[in-house]
Amino acid sequence: MHNVGIVVESLDNAIAFFTEIGLILEGRMMVEGERAGRVTGLGNQSVEIAMMVTPDGHSRLELSHFFAPQTIADHRNNPVNSLGYLRVMFRVDNLDELLIRLEKFDAKVVDEVVQFGETYRLCYIRGVEGLLIGLAEQLGSETASDILEKK
């Protein structure tokens, strides 16, 4: 996978939010014109993008703010069982401490933080602009892959 894309209203706010989670701003630029629009199917477009990278350098999140054409749909508040892309989940080191830091972005836990055995503590939050984000704190050295291999 190269990246996951998320359309936002405020690129600055989204960059600040995902930086707080631990991603690093790799670059920011305008993408404009018919050529770019042939990839997206939007025709003549004007969009500013910011590429965020995970600390290990393996995964990226492309944040986009469209100037033209304007956004026409808003799926951010759909429930977790909606069809299509839903959320992105990040592994974090100290979930409780991060949740406190994310309060300045009005991030709220969807229901509660849940512990799955001795492997993970997980939660969904509504983060910047109401985006649904999953957060997972790994406990110990056993991963989800390790558990699946045992079955």
# chains A, B, ... in the order shown; residues from 1 in each chain; ligands from 1
>>> residues_around(residues="A:Gly130", least_positions_apart="2", cutoff="8 Å", atoms="only C-alpha atoms", output="PDB file with C-alpha atoms, in the first residue's frame")
ATOM      1  CA  ARG A  76     -17.657  11.615   8.153  1.00  0.00           C
ATOM      2  CA  ASN A  77     -20.552  10.964  10.505  1.00  0.00           C
ATOM      3  CA  ALA A 107     -11.329  14.463  19.747  1.00  0.00           C
ATOM      4  CA  ARG A 126     -14.000  11.192  16.318  1.00  0.00           C
ATOM      5  CA  GLY A 127     -10.972  13.332  15.603  1.00  0.00           C
ATOM      6  CA  VAL A 128     -10.350  16.527  13.683  1.00  0.00           C
ATOM      7  CA  LEU A 132     -13.304   8.352  12.510  1.00  0.00           C
TER       8      LEU A 132
END
>>> select_by_dssp(residues="stretch 5-150 of chain A", states="helix (DSSP H, G or I)", output="number ranges by chain")
A: 11-21, 34-40, 95-105, 128-130, 144-150
>>> closest_residue(among="A:Leu131, A:Leu148, A:Leu42, A:Val4", to="A:Asp74", atoms="only C-alpha atoms")
A:Leu131
>>> select_by_dssp(residues="stretch 17-68 of chain A", states="strand (DSSP E or B)", output="ChimeraX atom specification")
/A:24-33,45-53,60-68
>>> write_last_selection(atoms="C-alpha atoms", output="PDB file, in the first residue's frame")
ATOM      1  CA  ILE A  24       5.421  13.360  10.069  1.00  0.00           C
ATOM      2  CA  LEU A  25       4.663  15.892   7.342  1.00  0.00           C
ATOM      3  CA  GLU A  26       6.575  14.630   4.316  1.00  0.00           C
ATOM      4  CA  GLY A  27       5.483  17.384   1.931  1.00  0.00           C
ATOM      5  CA  ARG A  28       2.726  19.718   0.861  1.00  0.00           C
ATOM      6  CA  MET A  29       1.809  20.965  -2.624  1.00  0.00           C
ATOM      7  CA  MET A  30      -0.904  22.107  -5.027  1.00  0.00           C
ATOM      8  CA  VAL A  31      -2.138  19.697  -7.692  1.00  0.00           C
ATOM      9  CA  GLU A  32      -4.050  21.463 -10.447  1.00  0.00           C
ATOM     10  CA  GLY A  33      -5.363  21.148 -13.961  1.00  0.00           C
ATOM     11  CA  GLN A  45      -9.257  20.371 -10.474  1.00  0.00           C
ATOM     12  CA  SER A  46      -7.427  22.416  -7.886  1.00  0.00           C
ATOM     13  CA  VAL A  47      -6.459  20.563  -4.717  1.00  0.00           C
ATOM     14  CA  GLU A  48      -3.820  21.102  -2.072  1.00  0.00           C
ATOM     15  CA  ILE A  49      -2.376  17.912  -0.658  1.00  0.00           C
ATOM     16  CA  ALA A  50      -0.203  17.096   2.320  1.00  0.00           C
ATOM     17  CA  MET A  51       1.560  13.755   2.566  1.00  0.00           C
ATOM     18  CA  MET A  52       1.972  12.464   6.118  1.00  0.00           C
ATOM     19  CA  VAL A  53       4.230   9.480   6.816  1.00  0.00           C
ATOM     20  CA  ARG A  60       1.398   7.327   4.261  1.00  0.00           C
ATOM     21  CA  LEU A  61      -1.751   9.355   4.687  1.00  0.00           C
ATOM     22  CA  GLU A  62      -2.588  11.824   1.901  1.00  0.00           C
ATOM     23  CA  LEU A  63      -4.661  14.723   3.172  1.00  0.00           C
ATOM     24  CA  SER A  64      -6.469  16.716   0.474  1.00  0.00           C
ATOM     25  CA  HIS A  65      -8.343  20.011   0.454  1.00  0.00           C
ATOM     26  CA  PHE A  66     -10.302  20.636  -2.745  1.00  0.00           C
ATOM     27  CA  PHE A  67     -10.745  24.179  -4.014  1.00  0.00           C
ATOM     28  CA  ALA A  68     -12.301  23.064  -7.322  1.00  0.00           C
TER      29      ALA A  68
END
>>> atom_distance(atom1="atom CA of A:Gln70", atom2="atom CA of A:Asp106")
25.2 Å
>>> residues_around(residues="A:Gly134", least_positions_apart="3", cutoff="9 Å", atoms="only C-alpha atoms", output="MDAnalysis selection string")
chainID A and resid 87:91 122:126
>>> residues_around(residues="stretch 135-146 of chain A", least_positions_apart="4", cutoff="10 Å", atoms="only C-alpha atoms", output="list in words")
Ile21, Val88, Met89, Phe90, Arg91, Val92, Asp93, Asn94, Leu95, Asp96, Leu98, Leu99, Val109, Val113, Val114, Gln115, Phe116, Gly117, Glu118, Thr119, Tyr120, Arg121, Leu122, Cys123, Tyr124, Ile125, Lys150 and Lys151 of chain A
>>> write_last_selection(atoms="N, CA, C and O atoms", output="compact mmCIF listing (two decimals), in the first residue's frame")
# COMPACT_ATOMS: atom_id res chain seq x y z
N ILE A 21 -0.66 12.63 16.61
CA ILE A 21 -0.73 11.17 16.69
C ILE A 21 0.65 10.55 16.46
O ILE A 21 0.93 9.47 16.96
N VAL A 88 -9.14 4.83 9.48
CA VAL A 88 -7.74 4.44 9.49
C VAL A 88 -7.41 4.15 10.95
O VAL A 88 -7.91 4.84 11.83
N MET A 89 -6.61 3.12 11.21
CA MET A 89 -6.22 2.82 12.58
C MET A 89 -4.70 2.95 12.71
O MET A 89 -3.97 2.51 11.83
N PHE A 90 -4.28 3.56 13.81
CA PHE A 90 -2.86 3.75 14.09
C PHE A 90 -2.48 3.01 15.36
O PHE A 90 -3.22 3.01 16.33
N ARG A 91 -1.29 2.40 15.34
CA ARG A 91 -0.73 1.84 16.55
C ARG A 91 -0.04 2.97 17.29
O ARG A 91 0.73 3.73 16.70
N VAL A 92 -0.34 3.11 18.55
CA VAL A 92 0.23 4.20 19.37
C VAL A 92 0.89 3.59 20.60
O VAL A 92 0.60 2.46 20.99
N ASP A 93 1.78 4.34 21.22
CA ASP A 93 2.54 3.82 22.36
C ASP A 93 1.85 4.02 23.70
O ASP A 93 1.89 3.14 24.53
N ASN A 94 1.22 5.13 23.92
CA ASN A 94 0.59 5.41 25.22
C ASN A 94 -0.79 5.98 24.95
O ASN A 94 -0.96 7.20 24.84
N LEU A 95 -1.78 5.12 24.84
CA LEU A 95 -3.13 5.52 24.43
C LEU A 95 -3.74 6.55 25.37
O LEU A 95 -4.27 7.56 24.90
N ASP A 96 -3.66 6.33 26.67
CA ASP A 96 -4.28 7.26 27.61
C ASP A 96 -3.68 8.66 27.50
O ASP A 96 -4.41 9.65 27.47
N LEU A 98 -2.11 9.94 24.88
CA LEU A 98 -2.46 10.51 23.58
C LEU A 98 -3.89 11.05 23.59
O LEU A 98 -4.15 12.13 23.07
N LEU A 99 -4.82 10.32 24.19
CA LEU A 99 -6.20 10.80 24.24
C LEU A 99 -6.30 12.15 24.95
O LEU A 99 -7.07 13.02 24.53
N VAL A 109 -13.67 9.94 22.34
CA VAL A 109 -13.78 8.49 22.20
C VAL A 109 -15.22 8.17 21.82
O VAL A 109 -16.17 8.69 22.42
N VAL A 113 -12.57 2.80 25.64
CA VAL A 113 -11.33 2.07 25.37
C VAL A 113 -11.54 0.65 25.85
O VAL A 113 -11.99 0.43 26.97
N VAL A 114 -11.22 -0.32 24.99
CA VAL A 114 -11.45 -1.73 25.31
C VAL A 114 -10.13 -2.48 25.22
O VAL A 114 -9.34 -2.26 24.31
N GLN A 115 -9.91 -3.37 26.18
CA GLN A 115 -8.71 -4.19 26.16
C GLN A 115 -9.06 -5.57 25.65
O GLN A 115 -10.00 -6.20 26.13
N PHE A 116 -8.28 -6.05 24.66
CA PHE A 116 -8.44 -7.38 24.11
C PHE A 116 -7.32 -8.26 24.63
O PHE A 116 -6.20 -8.22 24.13
N GLY A 117 -7.65 -9.04 25.66
CA GLY A 117 -6.67 -9.92 26.28
C GLY A 117 -5.45 -9.14 26.73
O GLY A 117 -5.56 -8.05 27.29
N GLU A 118 -4.30 -9.72 26.47
CA GLU A 118 -3.04 -9.06 26.81
C GLU A 118 -2.35 -8.53 25.57
O GLU A 118 -1.15 -8.30 25.57
N THR A 119 -3.15 -8.33 24.49
CA THR A 119 -2.56 -7.95 23.20
C THR A 119 -2.71 -6.48 22.87
O THR A 119 -1.73 -5.81 22.52
N TYR A 120 -3.93 -5.94 22.94
CA TYR A 120 -4.18 -4.56 22.52
C TYR A 120 -5.18 -3.87 23.43
O TYR A 120 -6.07 -4.51 23.99
N ARG A 121 -5.05 -2.55 23.52
CA ARG A 121 -6.11 -1.66 24.01
C ARG A 121 -6.51 -0.85 22.79
O ARG A 121 -5.65 -0.27 22.12
N LEU A 122 -7.80 -0.81 22.49
CA LEU A 122 -8.30 -0.19 21.26
C LEU A 122 -9.43 0.78 21.55
O LEU A 122 -10.20 0.60 22.50
N CYS A 123 -9.55 1.78 20.68
CA CYS A 123 -10.74 2.63 20.69
C CYS A 123 -10.87 3.30 19.34
O CYS A 123 -9.92 3.37 18.57
N TYR A 124 -12.08 3.75 19.06
CA TYR A 124 -12.33 4.65 17.94
C TYR A 124 -12.53 6.03 18.54
O TYR A 124 -13.13 6.17 19.61
N ILE A 125 -12.04 7.04 17.84
CA ILE A 125 -12.30 8.42 18.23
C ILE A 125 -12.89 9.16 17.04
O ILE A 125 -12.70 8.76 15.89
N LYS A 150 -1.90 -18.85 15.68
CA LYS A 150 -2.17 -19.90 16.65
C LYS A 150 -3.47 -20.65 16.34
O LYS A 150 -3.65 -21.77 16.78
N LYS A 151 -4.38 -20.01 15.61
CA LYS A 151 -5.68 -20.61 15.34
C LYS A 151 -5.63 -21.67 14.28
O LYS A 151 -4.89 -21.81 13.46
>>> atom_distance(atom1="atom CA of A:Phe105", atom2="atom CA of A:Phe17")
6.8 Å
